[in-house]
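Here is run23.txt, consisting of compact mmCIF, C-alpha atoms and all ligand atoms:
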# COMPACT_ATOMS: atom_id res chain seq x y z
CA MET A 22 8.58 -19.57 -23.89
CA THR A 23 8.82 -16.52 -21.65
CA ALA A 24 6.13 -14.22 -20.27
CA SER A 25 6.43 -10.74 -18.86
CA ALA A 26 4.13 -8.49 -16.83
CA ARG A 27 4.35 -5.42 -14.69
CA ALA A 28 2.44 -3.85 -11.78
CA PRO A 29 2.46 -0.34 -10.27
CA ALA A 30 3.20 1.23 -6.88
CA ARG A 31 0.48 3.14 -5.04
CA ALA A 32 -0.32 6.05 -2.76
CA ASN A 33 -3.28 5.90 -0.42
CA LEU A 34 -5.38 9.09 -0.29
CA LEU A 35 -7.60 8.22 2.68
CA GLY A 36 -8.34 5.11 4.75
CA GLU A 37 -5.15 4.12 6.54
CA HIS A 38 -5.00 0.99 8.68
CA THR A 39 -8.65 0.34 7.89
CA ASP A 40 -8.15 -2.57 5.48
CA TYR A 41 -7.34 -5.18 8.13
CA ASN A 42 -10.41 -3.92 10.00
CA ASP A 43 -12.74 -4.77 7.06
CA GLY A 44 -13.07 -1.03 6.33
CA PHE A 45 -12.85 1.41 3.42
CA VAL A 46 -9.77 2.62 1.53
CA LEU A 47 -9.08 5.07 -1.31
CA PRO A 48 -5.70 4.42 -2.95
CA THR A 49 -4.43 5.34 -6.42
CA PRO A 50 -1.69 3.74 -8.55
CA LEU A 51 1.58 5.63 -9.02
CA PRO A 52 3.59 5.42 -12.28
CA TYR A 53 6.43 3.36 -10.85
CA PHE A 54 6.56 -0.28 -11.89
CA THR A 55 8.00 -3.67 -11.13
CA THR A 56 8.33 -5.94 -14.17
CA VAL A 57 8.72 -9.70 -13.86
CA THR A 58 9.77 -11.94 -16.72
CA VAL A 59 9.40 -15.68 -16.30
CA ALA A 60 11.17 -18.35 -18.33
CA PRO A 61 11.64 -22.12 -17.99
CA GLY A 62 14.23 -22.97 -15.35
CA ASN A 63 17.32 -25.09 -15.94
CA GLN A 64 17.27 -26.86 -12.59
CA ALA A 65 14.44 -29.28 -11.75
CA GLY A 66 12.38 -28.30 -8.70
CA MET A 67 14.11 -24.94 -8.32
CA ILE A 68 13.30 -21.25 -8.63
CA GLU A 69 16.10 -19.08 -9.89
CA ALA A 70 15.68 -15.30 -9.83
CA PHE A 71 17.71 -12.27 -10.82
CA ALA A 72 16.93 -8.89 -9.25
CA ALA A 73 18.41 -6.25 -11.54
CA ARG A 74 18.22 -3.62 -8.77
CA PHE A 75 20.60 -5.61 -6.56
CA GLY A 76 22.53 -7.29 -9.38
CA GLN A 77 21.87 -10.48 -7.42
CA THR A 78 20.76 -13.99 -8.41
CA LEU A 79 19.21 -16.32 -5.84
CA VAL A 80 18.41 -20.01 -6.35
CA ARG A 81 16.17 -22.03 -4.05
CA PRO A 82 14.03 -25.19 -4.03
CA LEU A 83 10.40 -24.50 -4.96
CA ASP A 84 9.30 -25.95 -1.63
CA ALA A 85 11.72 -23.93 0.52
CA PRO A 86 10.37 -21.96 3.50
CA ARG A 87 10.88 -18.18 3.68
CA GLN A 88 14.43 -16.90 4.11
CA GLY A 89 13.80 -13.22 4.89
CA ASP A 90 15.08 -11.85 1.55
CA TRP A 91 13.51 -10.48 -1.64
CA LEU A 92 13.00 -13.92 -3.18
CA ASP A 93 10.38 -14.64 -0.49
CA TYR A 94 7.87 -12.46 -2.37
CA PRO A 95 7.90 -14.25 -5.75
CA LEU A 96 8.47 -17.66 -4.16
CA GLY A 97 5.55 -16.91 -1.82
CA CYS A 98 3.36 -16.37 -4.91
CA VAL A 99 4.55 -19.68 -6.40
CA THR A 100 3.94 -21.44 -3.08
CA ILE A 101 0.38 -20.10 -2.79
CA LEU A 102 -0.37 -21.19 -6.38
CA ARG A 103 1.00 -24.65 -5.70
CA ALA A 104 -1.05 -24.88 -2.49
CA ALA A 105 -4.11 -24.10 -4.66
CA GLY A 106 -3.29 -27.16 -6.78
CA ILE A 107 -1.59 -25.36 -9.66
CA GLU A 108 1.51 -27.10 -10.92
CA VAL A 109 4.43 -24.70 -11.31
CA PRO A 110 7.48 -26.14 -13.10
CA ALA A 111 11.09 -25.08 -12.51
CA LEU A 112 11.38 -21.42 -13.45
CA ARG A 113 13.71 -18.50 -13.87
CA LEU A 114 12.60 -14.94 -13.07
CA THR A 115 14.06 -11.59 -13.97
CA ILE A 116 12.84 -8.72 -11.81
CA GLU A 117 13.22 -5.08 -12.77
CA SER A 118 11.83 -2.22 -10.73
CA ASP A 119 12.01 1.53 -10.42
CA ILE A 120 9.80 1.69 -7.30
CA PRO A 121 11.70 3.52 -4.55
CA MET A 122 12.34 1.10 -1.69
CA GLY A 123 11.41 1.75 1.93
CA ALA A 124 9.18 4.61 0.82
CA GLY A 125 5.92 2.95 1.83
CA ILE A 126 4.48 3.04 -1.70
CA SER A 127 4.07 -0.71 -1.88
CA SER A 128 7.00 -2.19 -3.72
CA SER A 129 6.09 -5.57 -2.20
CA ALA A 130 2.51 -5.67 -3.52
CA ALA A 131 3.77 -4.61 -6.97
CA LEU A 132 6.27 -7.47 -6.92
CA GLU A 133 3.57 -9.96 -5.95
CA VAL A 134 1.07 -8.73 -8.53
CA ALA A 135 3.69 -8.57 -11.31
CA THR A 136 4.87 -12.11 -10.45
CA LEU A 137 1.33 -13.50 -10.45
CA ARG A 138 0.47 -11.69 -13.71
CA ALA A 139 3.59 -13.09 -15.37
CA LEU A 140 2.77 -16.60 -14.09
CA ARG A 141 -0.85 -16.22 -15.27
CA ARG A 142 0.43 -15.48 -18.75
CA TRP A 143 3.17 -18.11 -18.69
CA LEU A 144 0.93 -20.94 -17.46
CA ASP A 145 -2.30 -19.63 -19.01
CA LEU A 146 -4.04 -19.60 -15.62
CA PRO A 147 -7.73 -18.67 -15.36
CA LEU A 148 -7.21 -15.98 -12.69
CA ASP A 149 -8.99 -12.62 -12.77
CA ASP A 150 -7.43 -9.44 -11.37
CA GLU A 151 -9.25 -9.71 -8.06
CA LYS A 152 -8.02 -13.27 -7.59
CA ILE A 153 -4.48 -12.10 -8.38
CA ALA A 154 -4.76 -9.51 -5.61
CA LEU A 155 -6.06 -12.08 -3.11
CA LEU A 156 -3.29 -14.56 -3.96
CA GLY A 157 -0.68 -11.81 -3.62
CA GLN A 158 -1.96 -10.87 -0.18
CA ARG A 159 -1.89 -14.53 0.88
CA ALA A 160 1.69 -14.81 -0.33
CA GLU A 161 2.65 -11.81 1.79
CA SER A 162 0.75 -12.77 4.93
CA GLU A 163 1.08 -16.57 4.88
CA TYR A 164 4.52 -17.03 3.30
CA VAL A 165 6.44 -13.78 3.84
CA GLY A 166 4.86 -13.38 7.27
CA MET A 167 3.76 -9.72 7.05
CA PRO A 168 0.09 -9.64 8.15
CA CYS A 169 -1.02 -6.98 5.64
CA GLY A 170 -4.53 -6.11 4.50
CA ILE A 171 -5.79 -6.30 0.90
CA MET A 172 -5.51 -2.62 -0.13
CA ASP A 173 -2.10 -2.63 -1.80
CA GLN A 174 -2.58 -5.75 -3.91
CA MET A 175 -6.08 -4.61 -4.98
CA VAL A 176 -4.97 -1.20 -6.18
CA SER A 177 -1.87 -2.60 -7.86
CA SER A 178 -4.00 -5.19 -9.65
CA LEU A 179 -7.23 -3.24 -10.33
CA GLY A 180 -6.35 0.46 -10.09
CA THR A 181 -6.43 2.92 -12.97
CA PRO A 182 -3.81 5.70 -13.15
CA GLY A 183 -5.24 9.13 -12.48
CA GLN A 184 -8.22 7.71 -10.59
CA ALA A 185 -8.77 6.63 -7.02
CA LEU A 186 -10.00 3.12 -6.23
CA PHE A 187 -12.77 3.27 -3.64
CA LEU A 188 -12.71 -0.18 -2.08
CA ASP A 189 -14.79 -1.86 0.59
CA THR A 190 -12.27 -4.34 1.94
CA ARG A 191 -14.99 -6.51 3.49
CA SER A 192 -17.02 -7.21 0.34
CA LEU A 193 -14.26 -6.22 -2.12
CA ALA A 194 -16.88 -4.07 -3.89
CA HIS A 195 -15.02 -1.26 -5.61
CA ARG A 196 -15.41 1.61 -8.02
CA LEU A 197 -13.19 4.22 -9.58
CA VAL A 198 -13.47 7.83 -8.46
CA ALA A 199 -12.09 10.68 -10.58
CA LEU A 200 -9.37 12.80 -8.98
CA PRO A 201 -9.89 16.58 -9.01
CA SER A 202 -8.80 18.22 -12.27
CA SER A 203 -8.15 21.57 -10.57
CA HIS A 204 -5.48 20.19 -8.23
CA GLN A 205 -2.47 17.88 -8.31
CA LEU A 206 -1.38 15.12 -6.00
CA ALA A 207 2.17 15.14 -4.70
CA VAL A 208 3.89 12.24 -2.96
CA VAL A 209 6.95 13.22 -0.92
CA HIS A 210 9.36 10.83 0.77
CA SER A 211 10.39 12.07 4.21
CA GLY A 212 13.78 10.41 3.93
CA VAL A 213 12.97 8.28 7.00
CA THR A 214 12.80 4.53 6.57
CA HIS A 215 11.90 2.93 9.85
CA LYS A 216 13.10 -0.60 10.42
CA LEU A 217 10.39 -1.12 13.03
CA THR A 218 7.55 -0.84 10.53
CA GLU A 219 6.63 -4.49 10.66
CA GLY A 220 6.65 -4.76 14.46
CA GLY A 221 4.57 -1.61 14.86
CA TYR A 222 2.17 -2.76 12.16
CA ARG A 223 1.68 -6.14 13.77
CA GLN A 224 1.10 -4.51 17.14
CA ARG A 225 -1.52 -2.08 15.77
CA ARG A 226 -3.28 -4.92 14.05
CA SER A 227 -3.49 -6.96 17.23
CA GLU A 228 -4.67 -3.90 19.21
CA CYS A 229 -7.54 -3.55 16.73
CA GLU A 230 -8.40 -7.23 17.09
CA ARG A 231 -8.41 -6.90 20.88
CA ALA A 232 -10.62 -3.79 20.65
CA ALA A 233 -13.10 -5.58 18.37
CA ALA A 234 -13.16 -8.62 20.68
CA ALA A 235 -13.77 -6.42 23.72
CA LEU A 236 -16.66 -4.74 21.89
CA GLY A 237 -18.10 -8.07 20.80
CA VAL A 238 -17.97 -7.34 17.06
CA PRO A 239 -16.22 -9.28 14.24
CA SER A 240 -14.17 -6.19 13.36
CA LEU A 241 -13.97 -2.46 14.03
CA ARG A 242 -15.80 -1.90 10.75
CA ASP A 243 -18.93 -2.84 12.66
CA ILE A 244 -18.68 0.12 15.05
CA ASN A 245 -20.42 3.34 14.02
CA ASP A 246 -21.36 4.77 17.38
CA LEU A 247 -18.24 6.40 18.83
CA SER A 248 -19.62 6.33 22.38
CA ARG A 249 -19.24 2.54 22.32
CA ILE A 250 -15.46 2.82 22.35
CA ASP A 251 -15.26 5.12 25.37
CA GLY A 252 -15.08 2.23 27.80
CA LEU A 253 -12.11 0.57 26.10
CA PRO A 254 -8.79 0.65 27.97
CA GLU A 255 -5.83 2.71 26.69
CA PRO A 256 -4.56 2.54 24.00
CA LEU A 257 -7.35 0.44 22.45
CA ASN A 258 -9.79 3.37 22.73
CA HIS A 259 -7.47 5.56 20.64
CA ARG A 260 -6.77 2.86 18.07
CA ALA A 261 -10.48 2.18 17.66
CA HIS A 262 -11.21 5.92 17.46
CA HIS A 263 -8.83 6.21 14.53
CA VAL A 264 -10.32 3.29 12.64
CA VAL A 265 -13.96 4.28 13.14
CA THR A 266 -13.36 7.94 12.18
CA GLU A 267 -11.05 7.01 9.31
CA ASN A 268 -13.75 4.82 7.75
CA ARG A 269 -16.11 7.80 7.89
CA ARG A 270 -13.48 10.03 6.31
CA VAL A 271 -13.20 7.69 3.34
CA LEU A 272 -16.97 7.76 2.78
CA ASP A 273 -17.07 11.54 3.24
CA GLY A 274 -14.01 11.92 0.98
CA VAL A 275 -15.57 9.95 -1.86
CA ALA A 276 -18.72 12.09 -1.55
CA ALA A 277 -16.57 15.26 -1.58
CA LEU A 278 -14.69 14.16 -4.71
CA GLU A 279 -17.91 13.23 -6.45
CA ARG A 280 -19.44 16.65 -5.83
CA GLY A 281 -16.18 18.39 -6.78
CA ASP A 282 -15.50 19.79 -3.30
CA VAL A 283 -11.69 19.76 -3.25
CA ALA A 284 -11.45 21.87 -0.09
CA ALA A 285 -13.55 19.38 1.87
CA PHE A 286 -11.40 16.52 0.61
CA GLY A 287 -8.24 18.36 1.67
CA GLN A 288 -9.69 18.96 5.13
CA LEU A 289 -10.39 15.23 5.50
CA MET A 290 -6.75 14.51 4.62
CA VAL A 291 -5.66 16.93 7.36
CA GLU A 292 -7.95 15.21 9.87
CA SER A 293 -6.74 11.80 8.77
CA HIS A 294 -3.17 12.82 9.46
CA ALA A 295 -4.02 14.12 12.94
CA SER A 296 -5.80 10.85 13.68
CA GLN A 297 -2.83 8.76 12.51
CA ARG A 298 -0.49 10.90 14.59
CA ASP A 299 -2.53 11.27 17.78
CA ASP A 300 -4.81 8.22 17.97
CA TYR A 301 -2.99 5.60 15.94
CA ALA A 302 0.57 6.71 16.77
CA VAL A 303 2.08 5.63 13.45
CA SER A 304 3.69 8.94 12.47
CA VAL A 305 7.19 10.22 13.20
CA PRO A 306 8.38 13.83 13.77
CA GLU A 307 9.90 14.15 10.28
CA ILE A 308 6.57 13.19 8.70
CA ASP A 309 4.63 15.59 10.94
CA ALA A 310 7.03 18.41 10.00
CA LEU A 311 6.60 17.59 6.32
CA VAL A 312 2.80 17.63 6.61
CA ASP A 313 2.91 21.00 8.45
CA SER A 314 5.23 22.46 5.85
CA ALA A 315 3.09 21.12 2.98
CA LEU A 316 0.03 22.84 4.44
CA HIS A 317 1.93 26.01 5.33
CA HIS A 318 3.00 26.38 1.70
CA GLY A 319 -0.52 26.08 0.38
CA ALA A 320 -1.53 22.41 0.14
CA LEU A 321 -5.26 21.92 0.69
CA GLY A 322 -4.57 18.64 2.45
CA ALA A 323 -1.58 16.50 3.45
CA ARG A 324 -1.17 13.26 5.33
CA LEU A 325 1.05 10.31 6.03
CA THR A 326 0.36 7.61 3.42
CA GLY A 327 0.99 3.87 3.78
CA GLY A 328 1.91 1.76 6.79
CA GLY A 329 3.67 4.60 8.66
CA PHE A 330 6.70 4.91 10.95
CA GLY A 331 8.39 6.89 8.18
CA GLY A 332 7.91 6.78 4.42
CA CYS A 333 5.87 9.29 2.42
CA ILE A 334 3.21 11.94 2.69
CA VAL A 335 0.57 12.60 0.05
CA ALA A 336 -0.62 16.16 -0.48
CA LEU A 337 -3.19 17.96 -2.63
CA ILE A 338 -1.92 21.17 -4.22
CA GLU A 339 -2.97 23.53 -6.95
CA ASP A 340 0.50 23.84 -8.49
CA VAL A 341 3.18 21.41 -7.34
CA GLU A 342 5.95 23.13 -9.28
CA ALA A 343 5.40 26.39 -7.40
CA TRP A 344 4.95 24.62 -4.04
CA TRP A 345 7.74 22.07 -3.99
CA PRO A 346 10.83 24.35 -3.75
CA ALA A 347 9.55 25.95 -0.52
CA VAL A 348 8.73 22.56 1.01
CA GLN A 349 12.11 21.21 0.01
CA THR A 350 13.87 24.16 1.65
CA ASP A 351 12.04 23.41 4.92
CA ASN A 352 12.77 19.67 4.66
CA PRO A 353 16.19 19.12 3.08
CA ARG A 354 15.97 15.31 3.40
CA ALA A 355 12.65 15.12 1.57
CA LYS A 356 12.34 13.91 -2.03
CA LEU A 357 9.53 14.47 -4.48
CA VAL A 358 8.44 10.99 -5.58
CA PHE A 359 5.35 12.06 -7.56
CA PRO A 360 4.84 13.79 -9.94
CA ARG A 361 7.95 12.14 -11.40
CA SER A 362 10.60 14.55 -12.51
CA ASP A 363 12.58 11.87 -14.37
CA LYS A 364 11.38 10.05 -17.45
CA GLU A 365 8.60 7.67 -16.51
CA SER A 366 9.06 3.97 -16.91
CA THR A 367 8.12 2.83 -20.41
CA ASP A 368 8.72 -0.91 -20.04
CA GLY A 369 6.09 -3.65 -20.11
C1 LIG A 401 0.49 -1.40 4.51
C2 LIG A 401 -0.33 -2.67 4.30
C3 LIG A 401 -1.76 -2.34 3.87
C4 LIG A 401 -2.41 -1.32 4.80
C5 LIG A 401 -1.47 -0.12 5.02
C6 LIG A 401 -2.00 0.84 6.06
O1 LIG A 401 0.67 -0.75 3.29
O2 LIG A 401 0.26 -3.50 3.33
O3 LIG A 401 -2.53 -3.52 3.80
O4 LIG A 401 -2.77 -1.91 6.01
O5 LIG A 401 -0.18 -0.53 5.42
O6 LIG A 401 -3.17 1.45 5.63
Please lay out the structure from this file as structure tokens.
Amino acid sequence: MTASARAPARANLLGEHTDYNDGFVLPTPLPYFTTVTVAPGNQAGMIEAFAARFGQTLVRPLDAPRQGDWLDYPLGCVTILRAAGIEVPALRLTIESDIPMGAGISSSAALEVATLRALRRWLDLPLDDEKIALLGQRAESEYVGMPCGIMDQMVSSLGTPGQALFLDTRSLAHRLVALPSSHQLAVVHSGVTHKLTEGGYRQRRSECERAAAALGVPSLRDINDLSRIDGLPEPLNHRAHHVVTENRRVLDGVAALERGDVAAFGQLMVESHASQRDDYAVSVPEIDALVDSALHHGALGARLTGGGFGGCIVALIEDVEAWWPAVQTDNPRAKLVFPRSDKESTDG
């Protein structure tokens, strides 16, 4: 018997680097997918996997430690399931994906969620979508070794296309928020893929933990009064300032969407970008130029989306088709990722 499942990529609209601070996020799924098909394996105690994108097959013992390649993600999922007492027999995976790599739209979370969904089906596991997201995050942080938050796995597992997922990453309470009908979202890849993403991410995360410890709170989510962070040393004061104000922007952004105030939402995106650039220092010049150009050509809002140090911006525009050619002329390396110009994936 075989089982197949897919999971989408995402863009985050507001709430960057807040998820590992127990804060608020507002991501939305993008129509790019990773599909995983699982079948019984031929070799006892082994995982065998074929990644169509690389034309590569890898074979490894089910109890192997991470190797630093793409098989770590699905094997991490298997490892976390086995650690939870679920027996996983020898298996063979086929992985297909049209999610652009290195774009910061969460190809790794999609791979984890698709793997866990396929395993849920294959082994008839009693796991709900929230549990799938939590297991995927554990696979990535505990096995792969990337200390991510829960946003990407939650939106890949629970998101609804065309809607934003407003998520409290502390309680995991969430609800869907309609996107404006008068405007379109655009996701544009800057053309910059930074190899340092993981190091920078880890460093920001530990700066936030140090800031929270210095303030005597479990996490920066617990700070509302900005004057409390004034006494923190550099750069912890700036990091904390980003997180505290970014949490507010998510709450204000949800309120703006719910009252139909697109201009206010766009303004919050602009402020979020400035905060990521100036306080959190996760942007790069190419991304800043792209954001400026997006706004100059009429976007209501534009900001770096995802982990940073390169990757994509997300922008809010009345008419993407009229806007994109001018932005592309300013930024020849940039690529429009969403809306998709090619035929959307129809698999799964
Ligand atoms: C990456 C991580 C997420 C989140 C974002 C930044 O995508 O996987 O958990 O921290 O960066 O908002």
Test item: residues lying within 9 Å of ligand LIG 401 (chain A) with all atoms listed in the file, as an NGL selection string: :A and (33 or 35-42 or 46 or 125-127 or 129-130 or 158 or 161 or 167-174 or 222 or 226 or 326-329)
All residues 8 Å or closer to Gln64 of chain A, all atoms listed in the file, same chain fewer than 3 positions away omitted, as a list in words: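 Non-adjacent residues within range: Met67, Ile68 and Ala111 of chain A.
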Pick from A:Leu186, A:Val165, A:Ile116, A:Leu321 nearest to Arg74 of chain A, counting all atoms listed in the file: A:Ile116
Between atom CA of Asn352 of chain A and atom CA of Ala32 of chain A, distance in Å (one decimal):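 Straight-line distance from atom CA of Asn352 of chain A to atom CA of Ala32 of chain A works out to 20.3 Å.
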Best match for closeness to Met175 of chain A among A:Arg142, A:Arg113, A:Arg270, A:Lys152, counting all atoms listed in the file: A:Lys152
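The list of residues within 12 Å of (-7.6, 16.9, 10.6), counted using all atoms listed in the file, is Leu35, His263, Thr266, Glu267, Arg270, Ala285, Phe286, Gly287, Gln288, Leu289, Met290, Val291, Glu292, Ser293, His294, Ala295, Ser296, Gln297, Arg298, Asp299, Asp300, Val312, Asp313, Leu316, Leu321, Gly322, Ala323, Arg324 and Leu325 of chain A.
Closest to Ile153 of chain A among A:Met22, A:Leu102, A:Ile120, A:Ala199 is A:Leu102, based on all atoms listed in the file.
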Straight-line distance linking atom CA of Ser314 of chain A with atom CA of Gly274 of chain A, stated in Å to one decimal: 22.5 Å
Straight-line distance linking atom CA of Met122 of chain A with atom CA of Arg138 of chain A, stated in Å to one decimal: 21.2 Å
Sorted per-residue table, segment 135-220 of chain A near segment 240-261 of chain A, closest atoms and distance, 12 Å, all atoms listed in the file, as a tab-separated table:
residue	atom	partner	partner_atom	distance
A:Asp189	CA	A:Arg242	CA	10.2
A:Thr190	CA	A:Arg242	CA	9.8
A:Arg191	CA	A:Arg242	CA	8.6
A:Ser192	CA	A:Arg242	CA	11.7
A:Asp90, A:Glu339, A:Glu307, A:Asp282 ranked by distance to Arg354 of chain A, top pick (using all atoms listed in the file): A:Glu307
Ref. answer, residues at most 12 Å from (2.0, 22.9, -10.3) with all atoms listed in the file, as a PyMOL selection string: chain A and resi 202-207+319-320+337-346+359-360
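Proximity to Pro61 of chain A was assessed for A:Leu114, A:Leu92, A:Ala139, A:Ala234 counting only C-alpha atoms; the smallest distance is recorded for A:Leu114.
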Residue nearest Pro201 of chain A - candidates A:Arg280, A:Glu163, A:Ala154, A:Ala135, atoms counted: all atoms listed in the file: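 Counting all atoms listed in the file, the residue closest to Pro201 of chain A is A:Arg280.
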Could I get segment 59-67 of chain A from the block written out with all heavy atoms, as a short mmCIF file (atom, residue, chain, number, x, y, z; two decimals), in the first residue's frame?
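Final output, result.cif:
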data_model
loop_
_atom_site.label_atom_id
_atom_site.label_comp_id
_atom_site.auth_asym_id
_atom_site.auth_seq_id
_atom_site.Cartn_x
_atom_site.Cartn_y
_atom_site.Cartn_z
N VAL A 59 4.55 7.67 0.21
CA VAL A 59 5.26 6.68 1.01
C VAL A 59 4.80 5.27 0.63
O VAL A 59 3.62 5.04 0.39
CB VAL A 59 5.13 6.99 2.53
CG1 VAL A 59 3.70 7.18 2.94
CG2 VAL A 59 5.79 5.92 3.38
N ALA A 60 5.76 4.38 0.55
CA ALA A 60 5.49 2.99 0.18
C ALA A 60 6.36 2.09 1.06
O ALA A 60 7.36 2.56 1.63
CB ALA A 60 5.84 2.77 -1.30
N PRO A 61 6.00 0.80 1.18
CA PRO A 61 6.83 -0.10 1.98
C PRO A 61 8.25 -0.16 1.41
O PRO A 61 8.44 -0.18 0.19
CB PRO A 61 6.14 -1.46 1.83
CG PRO A 61 4.75 -1.15 1.37
CD PRO A 61 4.82 0.13 0.59
N GLY A 62 9.24 -0.17 2.29
CA GLY A 62 10.63 -0.24 1.84
C GLY A 62 11.05 -1.67 1.56
O GLY A 62 10.41 -2.62 2.02
N ASN A 63 12.14 -1.81 0.81
CA ASN A 63 12.65 -3.14 0.48
C ASN A 63 13.75 -3.60 1.43
O ASN A 63 14.13 -4.75 1.43
CB ASN A 63 13.22 -3.15 -0.95
CG ASN A 63 12.19 -2.67 -1.95
OD1 ASN A 63 11.04 -3.08 -1.88
ND2 ASN A 63 12.60 -1.79 -2.86
N GLN A 64 14.30 -2.63 2.18
CA GLN A 64 15.44 -2.97 3.03
C GLN A 64 15.07 -2.75 4.50
O GLN A 64 14.76 -1.63 4.89
CB GLN A 64 16.64 -2.08 2.67
CG GLN A 64 16.94 -2.04 1.17
CD GLN A 64 18.10 -1.10 0.85
OE1 GLN A 64 19.18 -1.23 1.45
NE2 GLN A 64 17.90 -0.16 -0.05
N ALA A 65 15.14 -3.83 5.29
CA ALA A 65 14.74 -3.76 6.69
C ALA A 65 15.51 -2.68 7.44
O ALA A 65 16.72 -2.52 7.27
CB ALA A 65 14.97 -5.11 7.36
N GLY A 66 14.79 -1.90 8.25
CA GLY A 66 15.43 -0.89 9.10
C GLY A 66 15.94 0.32 8.36
O GLY A 66 16.69 1.12 8.93
N MET A 67 15.55 0.48 7.09
CA MET A 67 16.11 1.59 6.30
C MET A 67 15.01 2.52 5.78
O MET A 67 13.87 2.11 5.55
CB MET A 67 16.87 1.05 5.08
CG MET A 67 17.96 0.05 5.39
SD MET A 67 19.36 0.79 6.27
CE MET A 67 20.38 1.26 4.89
#
